[in-house]
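Text of data.cif (mmCIF, C-alpha atoms) as supplied:
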data_coords
#
loop_
_atom_site.label_atom_id
_atom_site.label_comp_id
_atom_site.auth_asym_id
_atom_site.auth_seq_id
_atom_site.Cartn_x
_atom_site.Cartn_y
_atom_site.Cartn_z
CA MET A 1276 -55.21 3.15 -48.28
CA LEU A 1277 -54.79 4.10 -44.63
CA ARG A 1278 -57.83 5.94 -43.31
CA PHE A 1279 -57.04 9.55 -42.30
CA SER A 1280 -53.79 9.32 -44.26
CA LEU A 1281 -51.84 12.57 -44.63
CA GLU A 1282 -49.14 11.05 -46.80
CA GLY A 1283 -47.56 13.68 -49.04
CA LYS A 1284 -49.15 16.57 -47.14
CA LYS A 1285 -47.17 19.54 -45.84
CA ALA A 1286 -48.27 20.91 -42.45
CA VAL A 1287 -47.38 23.90 -40.27
CA ILE A 1288 -48.11 23.78 -36.53
CA THR A 1289 -47.52 26.86 -34.42
CA GLY A 1290 -46.62 26.35 -30.78
CA GLY A 1291 -45.66 22.76 -31.59
CA GLY A 1292 -42.91 22.46 -28.99
CA SER A 1293 -45.01 21.40 -26.01
CA GLY A 1294 -48.42 20.38 -24.77
CA ILE A 1295 -51.23 20.23 -27.31
CA GLY A 1296 -49.06 21.52 -30.16
CA ARG A 1297 -46.45 18.83 -29.59
CA ALA A 1298 -49.14 16.13 -29.60
CA ILE A 1299 -50.58 17.55 -32.84
CA ALA A 1300 -47.20 17.62 -34.57
CA ILE A 1301 -46.48 14.02 -33.60
CA ALA A 1302 -49.95 12.81 -34.64
CA LEU A 1303 -49.81 14.50 -38.06
CA ALA A 1304 -46.34 13.06 -38.69
CA GLU A 1305 -47.57 9.58 -37.72
CA GLN A 1306 -50.16 9.87 -40.50
CA GLY A 1307 -47.46 10.70 -43.04
CA ALA A 1308 -47.41 14.51 -43.11
CA MET A 1309 -44.22 16.54 -43.41
CA VAL A 1310 -44.50 18.66 -40.29
CA HIS A 1311 -43.03 22.14 -39.82
CA ILE A 1312 -43.00 23.22 -36.18
CA LEU A 1313 -43.00 26.95 -35.42
CA GLU A 1314 -41.95 28.08 -31.94
CA LEU A 1315 -40.78 31.32 -30.35
CA ASN A 1316 -37.93 29.33 -28.83
CA GLU A 1317 -36.46 26.86 -31.29
CA THR A 1318 -35.24 24.40 -28.61
CA PRO A 1319 -38.62 22.79 -27.78
CA ALA A 1320 -39.46 22.68 -31.49
CA LEU A 1321 -36.22 20.78 -32.13
CA GLU A 1322 -37.13 18.36 -29.34
CA THR A 1323 -40.51 17.65 -30.93
CA ALA A 1324 -38.85 17.19 -34.32
CA LYS A 1325 -36.34 14.79 -32.75
CA GLU A 1326 -39.19 12.72 -31.31
CA ILE A 1327 -40.84 12.58 -34.73
CA HIS A 1328 -37.58 11.54 -36.42
CA LYS A 1329 -37.13 8.79 -33.83
CA ASN A 1330 -40.45 7.34 -35.02
CA LYS A 1331 -39.37 7.60 -38.69
CA GLY A 1332 -41.50 10.66 -39.34
CA LYS A 1333 -40.64 13.89 -41.17
CA ALA A 1334 -40.31 17.21 -39.36
CA GLU A 1335 -38.42 20.49 -39.30
CA ALA A 1336 -38.19 23.09 -36.53
CA HIS A 1337 -38.34 26.85 -37.09
CA ALA A 1338 -37.83 29.75 -34.68
CA CYS A 1339 -40.63 32.24 -35.29
CA ASP A 1340 -42.50 34.87 -33.30
CA VAL A 1341 -46.02 34.58 -34.73
CA SER A 1342 -46.86 38.09 -33.54
CA LYS A 1343 -44.32 39.55 -35.98
CA GLN A 1344 -45.66 39.49 -39.54
CA GLN A 1345 -42.33 39.75 -41.34
CA GLU A 1346 -40.93 36.78 -39.39
CA VAL A 1347 -43.98 34.70 -40.29
CA LEU A 1348 -43.85 35.69 -43.96
CA LYS A 1349 -40.14 34.80 -44.16
CA VAL A 1350 -40.58 31.37 -42.56
CA ILE A 1351 -43.65 30.44 -44.62
CA LYS A 1352 -41.95 31.56 -47.84
CA GLU A 1353 -39.06 29.22 -47.05
CA ILE A 1354 -41.38 26.33 -46.16
CA THR A 1355 -43.45 26.67 -49.34
CA LYS A 1356 -40.64 27.40 -51.82
CA ASP A 1357 -40.80 23.91 -53.36
CA LYS A 1358 -44.37 22.80 -52.63
CA PRO A 1359 -47.59 24.52 -51.50
CA LEU A 1360 -48.84 24.15 -47.95
CA ASP A 1361 -51.69 21.71 -47.25
CA ILE A 1362 -52.39 22.16 -43.52
CA LEU A 1363 -52.07 25.07 -41.09
CA VAL A 1364 -52.76 24.52 -37.39
CA ASN A 1365 -52.86 27.79 -35.44
CA ASN A 1366 -52.15 26.41 -31.98
CA ALA A 1367 -49.79 29.01 -30.46
CA GLY A 1368 -51.44 31.02 -27.71
CA ILE A 1369 -50.93 32.57 -24.29
CA ALA A 1370 -53.19 32.86 -21.27
CA HIS A 1371 -54.10 35.69 -18.91
CA ILE A 1372 -56.05 35.71 -15.66
CA GLY A 1373 -58.07 38.78 -14.70
CA ASN A 1374 -61.32 40.66 -15.16
CA VAL A 1375 -61.80 43.95 -17.03
CA GLU A 1376 -60.61 45.99 -14.03
CA THR A 1377 -57.50 43.95 -13.24
CA THR A 1378 -56.48 43.56 -16.88
CA GLU A 1379 -54.01 46.31 -17.72
CA GLU A 1380 -53.54 47.71 -21.21
CA LYS A 1381 -50.17 45.98 -21.54
CA ASP A 1382 -51.80 42.65 -20.63
CA LEU A 1383 -54.49 43.10 -23.27
CA ASP A 1384 -51.92 44.06 -25.90
CA ARG A 1385 -49.68 41.08 -25.06
CA VAL A 1386 -52.50 38.54 -25.36
CA TYR A 1387 -53.87 40.19 -28.50
CA GLN A 1388 -50.47 40.12 -30.22
CA VAL A 1389 -50.20 36.33 -29.99
CA ASN A 1390 -53.76 35.02 -29.84
CA ILE A 1391 -55.33 37.26 -32.48
CA LYS A 1392 -52.61 38.91 -34.52
CA GLY A 1393 -50.55 35.71 -34.52
CA VAL A 1394 -53.45 33.76 -36.00
CA TYR A 1395 -54.05 36.49 -38.59
CA ASN A 1396 -50.35 36.60 -39.51
CA CYS A 1397 -50.18 32.87 -40.12
CA ILE A 1398 -53.40 32.66 -42.14
CA ASN A 1399 -52.39 35.71 -44.15
CA ALA A 1400 -48.97 34.19 -44.92
CA CYS A 1401 -50.25 30.71 -45.79
CA ILE A 1402 -53.51 31.20 -47.62
CA GLY A 1403 -51.96 32.32 -50.92
CA SER A 1404 -50.08 29.04 -51.16
CA MET A 1405 -53.21 27.05 -50.30
CA LYS A 1406 -55.28 28.72 -53.02
CA GLU A 1407 -53.29 26.81 -55.62
CA LYS A 1408 -54.92 23.47 -54.77
CA GLY A 1409 -56.95 23.83 -51.58
CA GLY A 1410 -55.96 23.22 -48.00
CA VAL A 1411 -57.00 22.98 -44.38
CA ILE A 1412 -56.80 25.64 -41.67
CA ILE A 1413 -57.49 24.66 -38.07
CA ASN A 1414 -57.60 27.35 -35.39
CA MET A 1415 -57.36 26.58 -31.69
CA ALA A 1416 -60.21 28.44 -30.00
CA SER A 1417 -61.51 27.54 -26.52
CA VAL A 1418 -64.68 26.90 -24.57
CA ALA A 1419 -64.01 30.45 -23.29
CA ALA A 1420 -65.13 31.70 -26.72
CA SER A 1421 -68.62 30.31 -26.17
CA VAL A 1422 -69.36 30.55 -22.42
CA GLY A 1423 -68.52 32.97 -19.65
CA ILE A 1424 -65.55 31.97 -17.49
CA SER A 1425 -64.56 34.00 -14.45
CA ASP A 1426 -61.39 36.10 -14.61
CA ARG A 1427 -60.59 35.35 -18.23
CA PHE A 1428 -61.56 38.70 -19.80
CA ALA A 1429 -58.61 39.14 -22.20
CA TYR A 1430 -58.21 35.45 -22.98
CA SER A 1431 -61.92 34.98 -23.70
CA MET A 1432 -61.93 38.07 -25.92
CA THR A 1433 -59.09 36.71 -28.03
CA LYS A 1434 -60.58 33.25 -28.36
CA GLY A 1435 -63.91 34.77 -29.40
CA ALA A 1436 -62.00 36.55 -32.15
CA VAL A 1437 -60.38 33.26 -33.23
CA LEU A 1438 -63.84 31.72 -33.51
CA THR A 1439 -65.21 34.50 -35.71
CA MET A 1440 -62.03 34.61 -37.81
CA THR A 1441 -62.65 30.94 -38.50
CA TYR A 1442 -66.16 31.61 -39.79
CA SER A 1443 -65.00 34.54 -41.91
CA VAL A 1444 -62.13 32.68 -43.58
CA ALA A 1445 -64.30 29.63 -44.21
CA LYS A 1446 -66.92 31.81 -45.92
CA ASP A 1447 -64.49 33.88 -47.99
CA TYR A 1448 -62.58 30.90 -49.40
CA LEU A 1449 -65.36 28.40 -50.13
CA ASP A 1450 -64.61 28.44 -53.85
CA THR A 1451 -60.87 27.77 -53.44
CA GLY A 1452 -61.06 24.34 -51.80
CA ILE A 1453 -59.79 25.74 -48.50
CA ARG A 1454 -61.57 24.44 -45.42
CA CYS A 1455 -61.32 26.39 -42.15
CA ASN A 1456 -62.52 25.04 -38.80
CA SER A 1457 -61.75 25.60 -35.14
CA ILE A 1458 -61.42 23.41 -32.07
CA SER A 1459 -62.54 24.55 -28.61
CA PRO A 1460 -60.92 22.54 -25.82
CA ALA A 1461 -61.84 22.82 -22.17
CA ARG A 1462 -59.07 22.15 -19.61
CA VAL A 1463 -56.38 19.87 -21.00
CA HIS A 1464 -53.61 18.42 -18.83
CA THR A 1465 -50.42 19.99 -20.18
CA PRO A 1466 -47.13 21.18 -18.64
CA PHE A 1467 -48.73 24.66 -18.49
CA VAL A 1468 -51.36 23.35 -16.05
CA ASP A 1469 -48.72 21.72 -13.86
CA GLY A 1470 -46.67 24.94 -13.83
CA TYR A 1471 -49.73 27.04 -13.00
CA LEU A 1472 -50.65 24.80 -10.06
CA LYS A 1473 -47.10 24.75 -8.71
CA LYS A 1474 -46.86 28.54 -8.85
CA THR A 1475 -50.36 29.37 -7.61
CA TYR A 1476 -51.02 26.57 -5.13
CA PRO A 1477 -47.66 25.40 -3.76
CA GLY A 1478 -48.10 22.30 -1.63
CA ARG A 1479 -51.71 21.88 -2.78
CA GLU A 1480 -51.06 20.85 -6.38
CA GLU A 1481 -52.76 17.45 -6.16
CA GLU A 1482 -55.83 18.83 -4.37
CA MET A 1483 -56.28 21.65 -6.88
CA PHE A 1484 -55.65 19.36 -9.84
CA GLU A 1485 -58.58 17.22 -8.70
CA ALA A 1486 -60.76 20.31 -8.18
CA LEU A 1487 -60.00 21.63 -11.65
CA SER A 1488 -60.56 18.20 -13.18
CA LYS A 1489 -64.04 18.05 -11.66
CA THR A 1490 -65.08 21.29 -13.34
CA GLN A 1491 -65.50 19.15 -16.47
CA PRO A 1492 -68.77 17.15 -16.23
CA ILE A 1493 -66.91 14.06 -17.47
CA GLY A 1494 -64.77 14.27 -14.32
CA ARG A 1495 -61.28 14.73 -15.74
CA MET A 1496 -59.14 16.98 -17.90
CA GLY A 1497 -58.58 16.24 -21.55
CA ARG A 1498 -55.35 14.77 -22.86
CA PRO A 1499 -53.29 16.48 -25.58
CA GLU A 1500 -53.51 13.33 -27.70
CA GLU A 1501 -57.31 13.60 -27.74
CA ILE A 1502 -57.11 17.08 -29.25
CA ALA A 1503 -54.49 15.85 -31.71
CA ASN A 1504 -56.76 13.02 -32.89
CA LEU A 1505 -59.45 15.54 -33.80
CA VAL A 1506 -56.89 17.63 -35.70
CA VAL A 1507 -55.86 14.53 -37.67
CA TYR A 1508 -59.46 13.89 -38.67
CA LEU A 1509 -60.19 17.50 -39.66
CA SER A 1510 -56.95 17.60 -41.68
CA SER A 1511 -57.80 14.47 -43.61
CA ASP A 1512 -59.79 13.95 -46.81
CA GLU A 1513 -62.37 12.07 -44.74
CA ALA A 1514 -63.42 15.49 -43.35
CA SER A 1515 -63.77 17.08 -46.80
CA PHE A 1516 -67.42 18.08 -46.19
CA ILE A 1517 -66.60 20.05 -43.02
CA THR A 1518 -65.88 23.78 -43.02
CA GLY A 1519 -66.89 26.83 -40.98
CA THR A 1520 -67.49 24.75 -37.85
CA ASP A 1521 -66.26 24.91 -34.26
CA PHE A 1522 -65.66 21.61 -32.49
CA PRO A 1523 -65.90 21.67 -28.70
CA ILE A 1524 -63.80 18.91 -27.13
CA ASP A 1525 -64.64 19.65 -23.55
CA GLY A 1526 -65.90 16.70 -21.53
CA GLY A 1527 -69.40 18.23 -21.64
CA PHE A 1528 -68.28 21.62 -20.29
CA ILE A 1529 -70.35 23.84 -22.59
CA ARG A 1530 -73.64 21.92 -22.62
CA LEU A 1531 -73.67 19.90 -19.41
CA ASN A 1532 -72.49 22.32 -16.71
CA GLY A 1533 -75.36 23.42 -14.50
#
Go ahead and express the file in the form of structure tokens.
Amino acid sequence: MLRFSLEGKKAVITGGGSGIGRAIAIALAEQGAMVHILELNETPALETAKEIHKNKGKAEAHACDVSKQQEVLKVIKEITKDKPLDILVNNAGIAHIGNVETTEEKDLDRVYQVNIKGVYNCINACIGSMKEKGGVIINMASVAASVGISDRFAYSMTKGAVLTMTYSVAKDYLDTGIRCNSISPARVHTPFVDGYLKKTYPGREEEMFEALSKTQPIGRMGRPEEIANLVVYLSSDEASFITGTDFPIDGGFIRLNG
């Protein structure tokens, strides 16, 4: 049997249309999972599904705003109508730059709606299905949940909540066979990073990319595929003894800076 096989498993990945989420969806499908990709805009989800189909994998795309509970409940009910869910990856999230003074109420509410309420909505919708035979929940936290990072007040707050939600769910569902863990990446090179550099540092993108890369002790940013590989492992039966744990994947950022 293939190690880390997910053959016959049904997975939901939020924010699976680009960046880390796209890499996760592709990696889970490569291991045999039937992948359901949830995105606010269905177009990028369809593109990820198309890539998976091209490689003979199984995937479906769904338009869904994870901050809206009724939308999430409707989509998950449709996905699980014939077979319970095995894997939920809460990857969808948004960023915000600012300290407590420059973060307006509307900014805090916007980040909360996706990064905290969105995670709650998806776990709440999926966990009933998982209780039938166990399952895996993986939440995307961040190094910002564990260390102070300048001008990331709202973002850090939400990722701290994701981390503690992970511990709470893992504890509450120990006797159901549900495992819940989180992953805390540092900077990962995604289209979001490229867009941020282009908007914030026009004409200096390459210089600033190098500067940001060097904030990781290992000397570079992570790659989406590296995060996806960890998700594959945590989703597999080989990780059956792991629950209630956060996994930094950060090039030494948390422990080796300073």
So that I can see what lies close to A:Gln1491, please list as a PDB file with C-alpha atoms, in the coordinates of the input the residues with an atom at most 9 Å from it, counting all atoms listed in the file and leaving out residues fewer than 5 positions away in the same chain.
ATOM      1  CA  ALA A1461     -61.840  22.820 -22.170  1.00  0.00           C
ATOM      2  CA  ARG A1462     -59.070  22.150 -19.610  1.00  0.00           C
ATOM      3  CA  MET A1496     -59.140  16.980 -17.900  1.00  0.00           C
ATOM      4  CA  ASP A1525     -64.640  19.650 -23.550  1.00  0.00           C
ATOM      5  CA  GLY A1526     -65.900  16.700 -21.530  1.00  0.00           C
ATOM      6  CA  GLY A1527     -69.400  18.230 -21.640  1.00  0.00           C
ATOM      7  CA  PHE A1528     -68.280  21.620 -20.290  1.00  0.00           C
ATOM      8  CA  LEU A1531     -73.670  19.900 -19.410  1.00  0.00           C
ATOM      9  CA  ASN A1532     -72.490  22.320 -16.710  1.00  0.00           C
TER      10      ASN A1532
END
List the spatial neighbours of stretch 1391-1397 of chain A as a PyMOL selection string - criterion: any atom at most 7 Å away, all atoms listed in the file, same-chain residues fewer than 2 positions off excluded. chain A and resi 1341-1342+1344+1347+1365+1387-1389+1399-1401+1433+1436-1437
Between atom CA of A:Ala1302 and atom CA of A:Lys1333 lies a distance of 11.4 Å
List the residues selected by the PyMOL selection byres ((chain A and resi 1497) around 7) in the file shown, writing them as a PyMOL selection string. chain A and resi 1462-1464+1495-1496+1498-1499+1501
Give me the stretch 1336-1430 of chain A side of the contact with stretch 1308-1324 of chain A, cut-off 12 Å, one line per residue showing its nearest atom pair and distance in Å at one decimal, counting only C-alpha atoms, sorted by chain and residue number, as a tab-separated table.
residue	atom	partner	partner_atom	distance
A:Ala1336	CA	A:Ile1312	CA	4.8
A:His1337	CA	A:Leu1313	CA	5.0
A:Ala1338	CA	A:Glu1317	CA	4.7
A:Cys1339	CA	A:Leu1315	CA	5.0
A:Asp1340	CA	A:Leu1315	CA	4.9
A:Val1341	CA	A:Leu1315	CA	7.6
A:Ser1342	CA	A:Leu1315	CA	9.6
A:Lys1343	CA	A:Leu1315	CA	10.6
A:Glu1346	CA	A:Leu1315	CA	10.6
A:Val1347	CA	A:Leu1313	CA	9.2
A:Val1350	CA	A:Leu1313	CA	8.7
A:Ile1351	CA	A:His1311	CA	9.6
A:Glu1353	CA	A:His1311	CA	10.9
A:Ile1354	CA	A:His1311	CA	7.8
A:Thr1355	CA	A:His1311	CA	10.6
A:Lys1358	CA	A:Met1309	CA	11.1
A:Pro1359	CA	A:Met1309	CA	11.9
A:Leu1360	CA	A:Met1309	CA	10.0
A:Asp1361	CA	A:Ala1308	CA	9.3
A:Ile1362	CA	A:Ala1308	CA	9.1
A:Leu1363	CA	A:His1311	CA	9.6
A:Val1364	CA	A:Ile1312	CA	9.9
A:Asn1365	CA	A:Leu1313	CA	9.9
A:Asn1366	CA	A:Leu1313	CA	9.8
A:Ala1367	CA	A:Glu1314	CA	8.0
A:Gly1368	CA	A:Glu1314	CA	10.8
A:Ile1369	CA	A:Leu1315	CA	11.9
A:Val1389	CA	A:Leu1315	CA	10.7
A:Gly1393	CA	A:Leu1315	CA	11.5
A:Cys1397	CA	A:Leu1313	CA	10.4
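Atom pair atom CA of A:Thr1289 / atom CA of A:Ile1398: separated by 11.3 Å.
Note that the spacing between atom CA of A:Tyr1430 and atom CA of A:Ile1295 amounts to 17.3 Å.
When you apply the PyMOL selection byres ((chain A and resi 1510) around 10) to this structure, what comes back is A:Phe1279, A:Ser1280, A:Leu1281, A:Lys1284, A:Ala1286, A:Leu1303, A:Asp1361, A:Ile1362, A:Leu1363, A:Val1364, A:Gly1410, A:Val1411, A:Ile1412, A:Ile1413, A:Arg1454, A:Cys1455, A:Asn1456, A:Asn1504, A:Leu1505, A:Val1506, A:Val1507, A:Tyr1508, A:Leu1509, A:Ser1511, A:Asp1512, A:Glu1513, A:Ala1514, A:Ser1515.
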Find the residues near A:Ile1301: any atom within 6 Å, counting all atoms listed in the file, skip ones fewer than 3 places away on the same chain, and give them as a list of chain:residue names. A:Ala1298, A:Ala1304, A:Ile1327
Can you tell me which residues surround stretch 1381-1383 of chain A at a distance of at most 10 Å, considering all atoms listed in the file, apart from same-chain residues fewer than 5 positions away, and format the answer as a count of residues only? 11
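Nearest to A:Val1422 of all the residues A:Ala1300, A:Arg1530, A:Leu1348, A:Gly1409 is A:Arg1530, based on only C-alpha atoms.
Within 9 Å of A:Pro1466, once all atoms listed in the file are used and residues closer than 4 positions along the same chain are dropped, the contacting residues are Ser1293, Gly1294, Gly1470 and Tyr1471 of chain A.
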Take the residues just selected and output them with C-alpha atoms as a PDB file, in the coordinates of the input.
ATOM      1  CA  SER A1293     -45.010  21.400 -26.010  1.00  0.00           C
ATOM      2  CA  GLY A1294     -48.420  20.380 -24.770  1.00  0.00           C
ATOM      3  CA  GLY A1470     -46.670  24.940 -13.830  1.00  0.00           C
ATOM      4  CA  TYR A1471     -49.730  27.040 -13.000  1.00  0.00           C
TER       5      TYR A1471
END
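Using all atoms listed in the file, the smallest distance between any of A:Phe1522, A:Leu1277, A:Gly1435, A:Ser1457 and A:Gly1423 comes from A:Gly1435.
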